[in-house]
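Engineer: This is work03.txt (compact mmCIF, C-alpha atoms).
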```
# COMPACT_ATOMS: atom_id res chain seq x y z
CA MET A 1 -31.01 67.30 -68.26
CA LYS A 2 -30.45 63.57 -67.98
CA SER A 3 -33.10 61.08 -68.96
CA ALA A 4 -33.32 57.33 -68.62
CA VAL A 5 -34.74 54.79 -70.97
CA SER A 6 -35.79 51.39 -69.71
CA SER A 7 -37.17 48.35 -71.44
CA LEU A 8 -37.87 44.77 -70.66
CA VAL A 9 -37.19 42.11 -73.26
CA ARG A 10 -38.51 38.58 -73.05
CA SER A 11 -36.33 35.99 -74.74
CA ASN A 12 -36.22 32.25 -74.13
CA ASN A 13 -38.57 32.68 -71.17
CA SER A 14 -36.02 34.91 -69.44
CA LEU A 15 -36.35 38.57 -68.56
CA ILE A 16 -33.56 40.83 -69.78
CA SER A 17 -33.35 44.35 -68.46
CA ARG A 18 -31.38 47.04 -70.23
CA THR A 19 -31.07 50.65 -69.14
CA LEU A 20 -29.66 53.50 -71.19
CA LEU A 21 -28.42 56.81 -69.82
CA TYR A 22 -27.66 59.72 -72.07
CA HIS A 23 -27.81 63.47 -72.38
CA SER A 24 -30.96 64.48 -74.22
CA SER A 25 -28.99 66.98 -76.29
CA LYS A 26 -27.07 64.14 -77.96
CA PRO A 27 -28.24 61.29 -80.18
CA ILE A 28 -28.33 57.96 -78.37
CA SER A 29 -25.57 56.62 -80.62
CA GLN A 30 -23.20 59.26 -79.24
CA SER A 31 -23.89 58.40 -75.63
CA PRO A 32 -20.86 56.83 -73.96
CA PHE A 33 -23.22 54.80 -71.79
CA PHE A 34 -25.11 53.13 -74.64
CA LEU A 35 -25.40 49.38 -73.99
CA SER A 36 -24.67 47.92 -77.39
CA ASN A 37 -24.62 44.31 -76.32
CA ILE A 38 -28.34 43.86 -77.06
CA PRO A 39 -28.74 41.67 -80.20
CA LYS A 40 -29.66 43.87 -83.15
CA ASN A 41 -32.76 41.89 -84.18
CA LEU A 42 -33.98 41.89 -80.60
CA PHE A 43 -33.41 45.63 -80.37
CA ASN A 44 -35.35 46.33 -83.58
CA GLN A 45 -38.26 44.18 -82.45
CA ARG A 46 -38.56 45.38 -78.89
CA TYR A 47 -37.11 48.89 -78.65
CA GLN A 48 -39.13 50.75 -81.32
CA LYS A 49 -41.71 51.91 -78.78
CA LEU A 50 -39.45 53.01 -75.95
CA GLN A 51 -41.01 55.52 -73.57
CA PHE A 52 -38.86 58.09 -71.74
CA SER A 53 -39.23 57.77 -68.00
CA PRO A 54 -37.43 60.56 -66.09
CA ASN A 55 -38.08 58.85 -62.78
CA SER A 56 -36.56 55.49 -63.79
CA THR A 57 -33.67 54.18 -61.75
CA SER A 58 -30.58 54.08 -63.94
CA ILE A 59 -27.85 51.53 -63.54
CA MET A 60 -25.39 53.86 -65.19
CA ALA A 61 -26.40 56.72 -62.94
CA SER A 62 -25.69 54.48 -59.97
CA LEU A 63 -22.29 53.63 -61.36
CA SER A 64 -21.57 57.30 -61.85
CA LYS A 65 -22.53 58.02 -58.23
CA SER A 66 -20.25 55.21 -57.10
CA GLU A 67 -17.29 56.69 -58.96
CA GLN A 68 -17.98 60.08 -57.40
CA ALA A 69 -17.70 58.52 -53.93
CA ARG A 70 -13.92 58.38 -54.38
CA GLU A 71 -11.84 61.43 -55.26
CA PRO A 72 -9.89 60.84 -57.39
CA PRO A 73 -11.93 57.89 -58.73
CA ALA A 74 -10.85 54.47 -57.47
CA LEU A 75 -8.28 52.67 -59.55
CA PRO A 76 -9.25 49.32 -61.07
CA LEU A 77 -7.93 46.24 -59.31
CA PRO A 78 -4.68 45.45 -61.14
CA SER A 79 -3.84 42.00 -62.44
CA PRO A 80 -1.50 40.50 -59.82
CA PRO A 81 1.83 38.93 -60.81
CA LEU A 82 0.50 35.61 -59.52
CA THR A 83 -2.88 34.29 -58.43
CA LYS A 84 -1.97 31.99 -55.57
CA PHE A 85 0.91 32.04 -53.11
CA LYS A 86 1.73 31.30 -49.49
CA ILE A 87 2.21 33.90 -46.77
CA GLY A 88 4.14 33.28 -43.57
CA LEU A 89 3.16 35.05 -40.33
CA CYS A 90 6.03 34.96 -37.82
CA GLN A 91 4.74 35.61 -34.30
CA LEU A 92 7.93 35.86 -32.27
CA SER A 93 9.12 36.67 -28.78
CA VAL A 94 11.01 39.93 -28.26
CA THR A 95 13.75 40.40 -25.65
CA PRO A 96 15.97 43.29 -24.51
CA ASP A 97 18.84 41.62 -26.45
CA LYS A 98 18.76 43.28 -29.86
CA GLU A 99 21.37 41.01 -31.43
CA ARG A 100 19.43 37.97 -30.29
CA ASN A 101 16.21 39.41 -31.71
CA ILE A 102 17.81 39.92 -35.12
CA LYS A 103 19.19 36.36 -35.23
CA HIS A 104 15.85 34.99 -34.05
CA VAL A 105 13.93 36.80 -36.77
CA ARG A 106 16.41 35.67 -39.43
CA LYS A 107 15.88 32.05 -38.42
CA ALA A 108 12.08 32.46 -38.44
CA ILE A 109 12.09 33.96 -41.94
CA GLU A 110 14.25 31.10 -43.21
CA GLU A 111 11.88 28.57 -41.66
CA ALA A 112 8.83 30.24 -43.23
CA ALA A 113 10.52 30.26 -46.64
CA GLN A 114 11.43 26.58 -46.30
CA LYS A 115 7.73 25.91 -45.75
CA GLY A 116 6.89 27.63 -49.02
CA ALA A 117 6.17 31.22 -47.99
CA GLN A 118 6.77 33.72 -50.80
CA LEU A 119 5.72 36.60 -48.54
CA VAL A 120 6.76 36.86 -44.89
CA LEU A 121 5.20 39.27 -42.39
CA LEU A 122 6.93 40.17 -39.13
CA PRO A 123 5.63 41.71 -35.86
CA GLU A 124 5.51 45.33 -34.80
CA ILE A 125 8.67 46.49 -32.93
CA TRP A 126 10.42 43.12 -33.15
CA ASN A 127 13.99 44.29 -32.42
CA SER A 128 13.20 46.24 -29.24
CA PRO A 129 11.02 46.10 -26.15
CA TYR A 130 7.83 48.06 -26.73
CA SER A 131 8.35 51.09 -24.48
CA ASN A 132 9.02 54.78 -24.79
CA ASP A 133 12.26 54.28 -22.85
CA SER A 134 13.48 51.70 -25.36
CA PHE A 135 12.58 53.39 -28.64
CA PRO A 136 15.45 55.94 -28.58
CA VAL A 137 17.97 53.29 -27.51
CA TYR A 138 17.10 50.71 -30.15
CA ALA A 139 16.32 53.13 -33.01
CA GLU A 140 18.20 52.71 -36.30
CA ASP A 141 19.05 55.05 -39.17
CA ILE A 142 17.31 53.15 -41.94
CA ASN A 143 18.28 55.67 -44.61
CA ALA A 144 21.97 55.22 -43.80
CA GLY A 145 21.65 51.43 -43.79
CA GLY A 146 24.56 49.06 -43.19
CA ASP A 147 25.94 49.15 -39.66
CA ALA A 148 23.61 52.05 -38.84
CA SER A 149 20.63 49.72 -39.37
CA PRO A 150 21.56 46.08 -38.67
CA SER A 151 17.90 45.04 -38.52
CA THR A 152 17.05 46.19 -42.04
CA ALA A 153 20.44 45.04 -43.37
CA MET A 154 19.50 41.53 -42.25
CA LEU A 155 16.06 41.75 -43.87
CA SER A 156 17.58 42.91 -47.15
CA GLU A 157 20.13 40.09 -47.19
CA VAL A 158 17.58 37.37 -46.38
CA ALA A 159 15.03 38.63 -48.91
CA SER A 160 17.67 38.62 -51.65
CA ARG A 161 19.13 35.24 -50.72
CA LEU A 162 15.77 33.47 -50.40
CA LYS A 163 14.09 35.40 -53.26
CA ILE A 164 11.06 36.29 -51.15
CA THR A 165 9.16 39.48 -50.31
CA ILE A 166 9.40 40.62 -46.69
CA VAL A 167 7.04 43.03 -44.96
CA GLY A 168 9.44 43.68 -42.13
CA GLY A 169 7.13 44.31 -39.21
CA SER A 170 8.37 47.52 -37.66
CA ILE A 171 11.37 48.89 -35.79
CA PRO A 172 12.11 52.26 -34.16
CA GLU A 173 13.64 54.52 -36.82
CA ARG A 174 15.83 57.54 -36.19
CA CYS A 175 15.79 60.29 -38.80
CA GLY A 176 17.53 63.47 -37.72
CA ASP A 177 16.14 64.42 -34.35
CA LYS A 178 12.91 62.46 -34.84
CA LEU A 179 11.89 58.90 -34.06
CA TYR A 180 9.33 56.89 -36.03
CA ASN A 181 7.67 53.48 -35.80
CA THR A 182 8.60 52.22 -39.27
CA CYS A 183 7.84 49.23 -41.48
CA CYS A 184 10.20 48.39 -44.36
CA VAL A 185 9.21 46.27 -47.34
CA PHE A 186 11.97 44.40 -49.17
CA GLY A 187 11.60 42.84 -52.60
CA THR A 188 12.99 39.56 -53.89
CA ASP A 189 16.11 41.42 -55.02
CA GLY A 190 16.77 42.62 -51.48
CA LYS A 191 16.07 46.24 -52.33
CA LEU A 192 13.95 48.48 -50.10
CA LYS A 193 10.67 48.90 -51.99
CA ALA A 194 8.73 50.96 -49.46
CA LYS A 195 8.94 52.46 -46.00
CA HIS A 196 5.80 53.13 -43.97
CA ARG A 197 5.96 55.32 -40.89
CA LYS A 198 3.07 54.69 -38.51
CA ILE A 199 0.50 57.38 -39.29
CA HIS A 200 -1.74 57.12 -36.22
CA LEU A 201 0.20 57.11 -32.96
CA PHE A 202 -1.00 54.89 -30.14
CA ASP A 203 -2.10 57.38 -27.49
CA ILE A 204 -4.73 55.86 -25.20
CA ASP A 205 -5.78 56.07 -21.57
CA ILE A 206 -8.23 53.48 -20.28
CA PRO A 207 -8.47 54.09 -16.51
CA GLY A 208 -7.46 51.11 -14.46
CA LYS A 209 -6.43 49.17 -17.57
CA ILE A 210 -3.78 50.68 -19.81
CA THR A 211 -2.17 54.03 -20.54
CA PHE A 212 0.36 54.45 -23.34
CA MET A 213 1.45 57.56 -25.24
CA GLU A 214 3.62 56.86 -28.27
CA SER A 215 3.66 60.59 -29.00
CA LYS A 216 5.96 61.10 -26.00
CA THR A 217 8.83 59.81 -28.12
CA LEU A 218 7.57 59.06 -31.64
CA THR A 219 6.56 61.29 -34.54
CA ALA A 220 3.60 60.37 -36.74
CA GLY A 221 4.18 59.47 -40.38
CA GLU A 222 2.65 61.59 -43.12
CA THR A 223 2.16 59.20 -46.02
CA PRO A 224 -0.14 56.25 -46.77
CA THR A 225 1.89 53.42 -48.28
CA VAL A 226 0.94 51.14 -51.17
CA VAL A 227 3.64 49.11 -52.86
CA ASP A 228 3.71 46.83 -55.90
CA THR A 229 5.57 43.60 -55.18
CA ASP A 230 6.11 40.19 -56.73
CA VAL A 231 3.11 39.00 -54.70
CA GLY A 232 0.69 41.80 -55.58
CA ARG A 233 -0.14 45.33 -54.54
CA ILE A 234 0.11 45.70 -50.77
CA GLY A 235 -1.07 48.47 -48.47
CA ILE A 236 0.84 48.91 -45.20
CA GLY A 237 -0.44 49.96 -41.79
CA ILE A 238 1.03 49.55 -38.33
CA CYS A 239 -1.08 48.47 -35.35
CA TYR A 240 -3.20 51.50 -34.39
CA ASP A 241 -3.50 52.38 -38.09
CA ILE A 242 -5.94 49.47 -38.40
CA ARG A 243 -8.56 51.37 -36.39
CA PHE A 244 -8.89 54.02 -39.08
CA THR A 245 -11.08 52.64 -41.83
CA GLU A 246 -10.37 55.66 -44.05
CA LEU A 247 -6.77 54.49 -44.52
CA ALA A 248 -7.87 51.01 -45.57
CA MET A 249 -10.45 52.55 -47.92
CA ILE A 250 -7.71 54.62 -49.55
CA TYR A 251 -5.63 51.48 -50.03
CA ALA A 252 -8.58 49.69 -51.61
CA ALA A 253 -9.20 52.68 -53.90
CA ARG A 254 -5.54 52.49 -54.95
CA GLY A 255 -6.03 48.89 -56.04
CA ALA A 256 -4.49 46.99 -53.13
CA HIS A 257 -4.98 43.22 -53.10
CA LEU A 258 -3.78 42.86 -49.52
CA ILE A 259 -3.20 45.06 -46.47
CA CYS A 260 -0.52 44.05 -43.98
CA TYR A 261 -0.67 45.33 -40.42
CA PRO A 262 2.19 44.46 -38.08
CA GLY A 263 0.62 45.13 -34.69
CA ALA A 264 0.89 44.63 -30.95
CA PHE A 265 -2.57 45.01 -29.48
CA ASN A 266 -2.63 44.67 -25.70
CA MET A 267 -4.48 42.53 -23.19
CA THR A 268 -7.26 45.11 -22.79
CA THR A 269 -8.15 45.97 -26.38
CA GLY A 270 -6.85 42.77 -27.98
CA PRO A 271 -9.64 40.39 -26.90
CA LEU A 272 -12.31 42.93 -27.94
CA HIS A 273 -10.98 44.63 -31.04
CA TRP A 274 -8.05 42.83 -32.69
CA GLU A 275 -9.85 40.18 -34.75
CA LEU A 276 -12.91 42.42 -35.14
CA SER A 277 -10.83 45.21 -36.70
CA GLN A 278 -9.09 42.84 -39.10
CA ARG A 279 -12.31 41.27 -40.29
CA ALA A 280 -13.99 44.64 -40.67
CA ARG A 281 -11.16 46.10 -42.78
CA ALA A 282 -11.13 42.99 -44.99
CA MET A 283 -14.91 42.79 -45.38
CA ASP A 284 -15.50 46.51 -45.92
CA ASN A 285 -12.89 46.67 -48.68
CA GLN A 286 -13.20 43.13 -50.08
CA LEU A 287 -9.50 42.34 -49.92
CA TYR A 288 -7.10 40.27 -47.82
CA VAL A 289 -5.81 41.48 -44.45
CA ALA A 290 -2.78 39.95 -42.73
CA THR A 291 -1.55 40.85 -39.26
CA CYS A 292 1.45 39.84 -37.18
CA SER A 293 1.94 40.38 -33.46
CA PRO A 294 4.81 39.70 -31.09
CA ALA A 295 4.30 36.61 -28.96
CA ARG A 296 2.89 37.23 -25.51
CA ASP A 297 5.34 37.73 -22.66
CA PRO A 298 3.47 38.06 -19.33
CA GLY A 299 6.61 39.46 -17.69
CA ALA A 300 7.10 42.31 -20.17
CA GLY A 301 6.23 45.91 -19.41
CA TYR A 302 3.84 45.85 -22.38
CA VAL A 303 2.05 42.53 -22.87
CA ALA A 304 0.97 41.76 -26.44
CA TRP A 305 -2.26 39.93 -27.20
CA GLY A 306 -0.78 37.80 -30.01
CA HIS A 307 -3.20 36.05 -32.39
CA SER A 308 -1.56 36.87 -35.73
CA THR A 309 -4.16 36.32 -38.43
CA LEU A 310 -4.96 36.09 -42.14
CA VAL A 311 -8.46 37.24 -43.11
CA GLY A 312 -10.13 36.74 -46.51
CA PRO A 313 -12.18 39.27 -48.52
CA PHE A 314 -15.49 38.10 -47.04
CA GLY A 315 -14.21 38.73 -43.52
CA GLU A 316 -13.49 35.05 -42.95
CA VAL A 317 -10.58 34.04 -40.71
CA LEU A 318 -8.35 31.78 -42.81
CA ALA A 319 -5.54 31.18 -40.32
CA SER A 320 -4.58 32.37 -36.86
CA THR A 321 -2.05 31.72 -34.12
CA GLU A 322 -2.71 31.65 -30.41
CA HIS A 323 -0.58 33.82 -28.12
CA GLU A 324 2.69 31.89 -28.01
CA GLU A 325 5.52 31.87 -30.54
CA ASP A 326 4.40 30.38 -33.84
CA ILE A 327 4.98 30.48 -37.57
CA ILE A 328 1.90 29.82 -39.66
CA ILE A 329 1.75 29.38 -43.42
CA ALA A 330 -1.49 30.11 -45.27
CA GLU A 331 -2.56 30.44 -48.89
CA ILE A 332 -3.77 33.64 -50.53
CA ASP A 333 -5.86 33.27 -53.69
CA TYR A 334 -6.43 36.57 -55.48
CA SER A 335 -8.96 35.06 -57.90
CA ILE A 336 -11.42 35.14 -55.01
CA LEU A 337 -11.31 38.94 -54.90
CA GLU A 338 -13.22 39.36 -58.16
CA GLN A 339 -15.64 36.58 -57.20
CA ARG A 340 -16.48 38.25 -53.90
CA ARG A 341 -16.86 41.67 -55.49
CA ALA A 342 -19.16 40.27 -58.17
CA SER A 343 -21.32 38.47 -55.60
CA LEU A 344 -21.61 41.49 -53.33
CA PRO A 345 -21.00 44.53 -55.59
CA PHE A 346 -21.28 47.30 -53.02
CA THR A 347 -18.19 49.01 -54.43
CA LYS A 348 -20.45 49.89 -57.37
CA GLN A 349 -23.37 50.93 -55.18
CA ARG A 350 -21.85 53.80 -53.19
CA ARG A 351 -23.65 57.14 -53.10
CA GLY A 352 -21.19 59.75 -54.26
CA ASP A 353 -24.00 62.28 -54.20
CA LEU A 354 -24.20 61.83 -50.41
CA TYR A 355 -20.64 61.15 -49.24
CA LYS A 356 -17.08 61.05 -50.52
CA LEU A 357 -13.63 59.81 -49.53
CA VAL A 358 -10.82 62.10 -50.67
CA ASP A 359 -7.30 60.71 -51.13
CA ILE A 360 -5.34 63.91 -50.49
CA GLN A 361 -2.02 62.51 -51.67
CA ARG A 362 -3.38 61.26 -55.01
CA LEU A 363 -5.46 64.39 -55.50
CA ASN A 364 -2.44 66.65 -55.02
CA SER A 365 -0.33 64.56 -57.39
CA HIS A 366 -2.74 65.10 -60.30
```
Any chance you could put this one into structure tokens?
Structural biologist:
Amino acid sequence: MKSAVSSLVRSNNSLISRTLLYHSSKPISQSPFFLSNIPKNLFNQRYQKLQFSPNSTSIMASLSKSEQAREPPALPLPSPPLTKFKIGLCQLSVTPDKERNIKHVRKAIEEAAQKGAQLVLLPEIWNSPYSNDSFPVYAEDINAGGDASPSTAMLSEVASRLKITIVGGSIPERCGDKLYNTCCVFGTDGKLKAKHRKIHLFDIDIPGKITFMESKTLTAGETPTVVDTDVGRIGIGICYDIRFTELAMIYAARGAHLICYPGAFNMTTGPLHWELSQRARAMDNQLYVATCSPARDPGAGYVAWGHSTLVGPFGEVLASTEHEEDIIIAEIDYSILEQRRASLPFTKQRRGDLYKLVDIQRLNSH
């Protein structure tokens, strides 16, 4: 049976509240929750007449409930390799000419790096038109690399030469007899650090507006992706993945500082949901969210909304493009994460006795 002990101590005209939680079968000194930061003389003077109050609200009980809301428990936010850095969002036009697209992206990455970007984010499906007919034609064997994947070979070379981290948007990937919508992350050494296959396929039908079924050609990925880089711990999602808050919550529970979503929202859902989804994922999880879209081409079979954006941990829009081609550079400051979480500590106020998010991958790896 758990009990709580509460006391109020007046010192220097201020009110100090301290709450102790312990198992009644153990001495207080053995309780792992004992708050020993109360000055000894103050404790002796004020705590000799403590009364047990079973109905008292316990801070430590609340913390325990919060930990139970994540299974396994959330990891602490790791110390990032650096506090401040610049991110480049490259919103680019995409054509049917694959070789042109690769050269165009190379030039954009170089320009972003020249402007100080240490992390560059590219659009979804930047080497191919966005269509089920095009995916099989433009797909690359990323695992084979080299000539079998000229798009990722370019990203690797540029990342190594410029000593930057690249979240490489996405390209159609061929693996055996399956096709995926895949994002590759390259480190400053040019090595492939992570590969995220789009988990939630874009299958929608809005009568009179838009119908698209990625599942006609693509296979869904099976693994959430979090990767440690020279610019912090990054979670990866692709476009439609952003609609699923559970994925972002898993990334936050794994200690992500930033989530990157290459995405190509359309002219129907883009105006309503694109910025809203980004701000919600950032605010709900108190981390940074960066997105990158292709530039809008009114003559394309699929018309992207554009508006690549960086959102801060309070849900504030820090930088955004319009719909045309653009490269924007913005600063990320990880020191703000702890400030925001201290000001609004809802990560410590969850009710694990009422609900729970289970990270299946982490749970099975234990």
Engineer: Between CA of Leu119 (chain A) and CA of Gly315 (chain A), what distance in Å does the model show, to one decimal?
Structural biologist: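 Going from CA of Leu119 (chain A) over to CA of Gly315 (chain A) covers 20.7 Å.
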Engineer: Give me, please, the distance in Å between CA of Pro172 (chain A) and CA of Leu218 (chain A), quoted to one decimal.
Structural biologist: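 Separation of CA of Pro172 (chain A) and CA of Leu218 (chain A): 8.6 Å.
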Engineer: Can you tell me which residues surround region 62-76 of chain A at a distance of at most 12 Å, considering all atoms listed in the file, apart from same-chain residues fewer than 4 positions away, and format the answer as a count of residues only?
Structural biologist: 44
Engineer: Applying 10 Å and all atoms listed in the file, which residues near Leu310 (chain A) remain after dropping the ones on its own chain fewer than 2 positions away? List them as a count of residues only.
Structural biologist: 28
Engineer: Please tabulate, as a tab-separated table, the residues of region 211-297 of chain A that come within 12 Å of region 131-140 of chain A, each with its closest pair of atoms and the distance in Å to one decimal, counting only C-alpha atoms and ordering rows by chain, then residue number upward.
Structural biologist:
```
residue	atom	partner	partner_atom	distance
A:Thr211	CA	A:Ser131	CA	11.6
A:Phe212	CA	A:Ser131	CA	8.7
A:Met213	CA	A:Asn132	CA	8.1
A:Glu214	CA	A:Asn132	CA	6.8
A:Ser215	CA	A:Asn132	CA	9.0
A:Lys216	CA	A:Asn132	CA	7.1
A:Thr217	CA	A:Asn132	CA	6.0
A:Leu218	CA	A:Phe135	CA	8.1
A:Thr219	CA	A:Phe135	CA	11.6
A:Ala264	CA	A:Ser131	CA	11.8
```
Engineer: Would you place a box with edges along x, y and z of the file around all atoms of region 236-249 of chain A listed there, add 3 Å to each of its six sides, and report the centre and edge lengths in Å to one decimal, as AutoDock Vina command-line options?
Structural biologist:
```
--center_x -5.0 --center_y 52.1 --center_z -41.2 --size_x 18.1 --size_y 13.2 --size_z 19.5
```
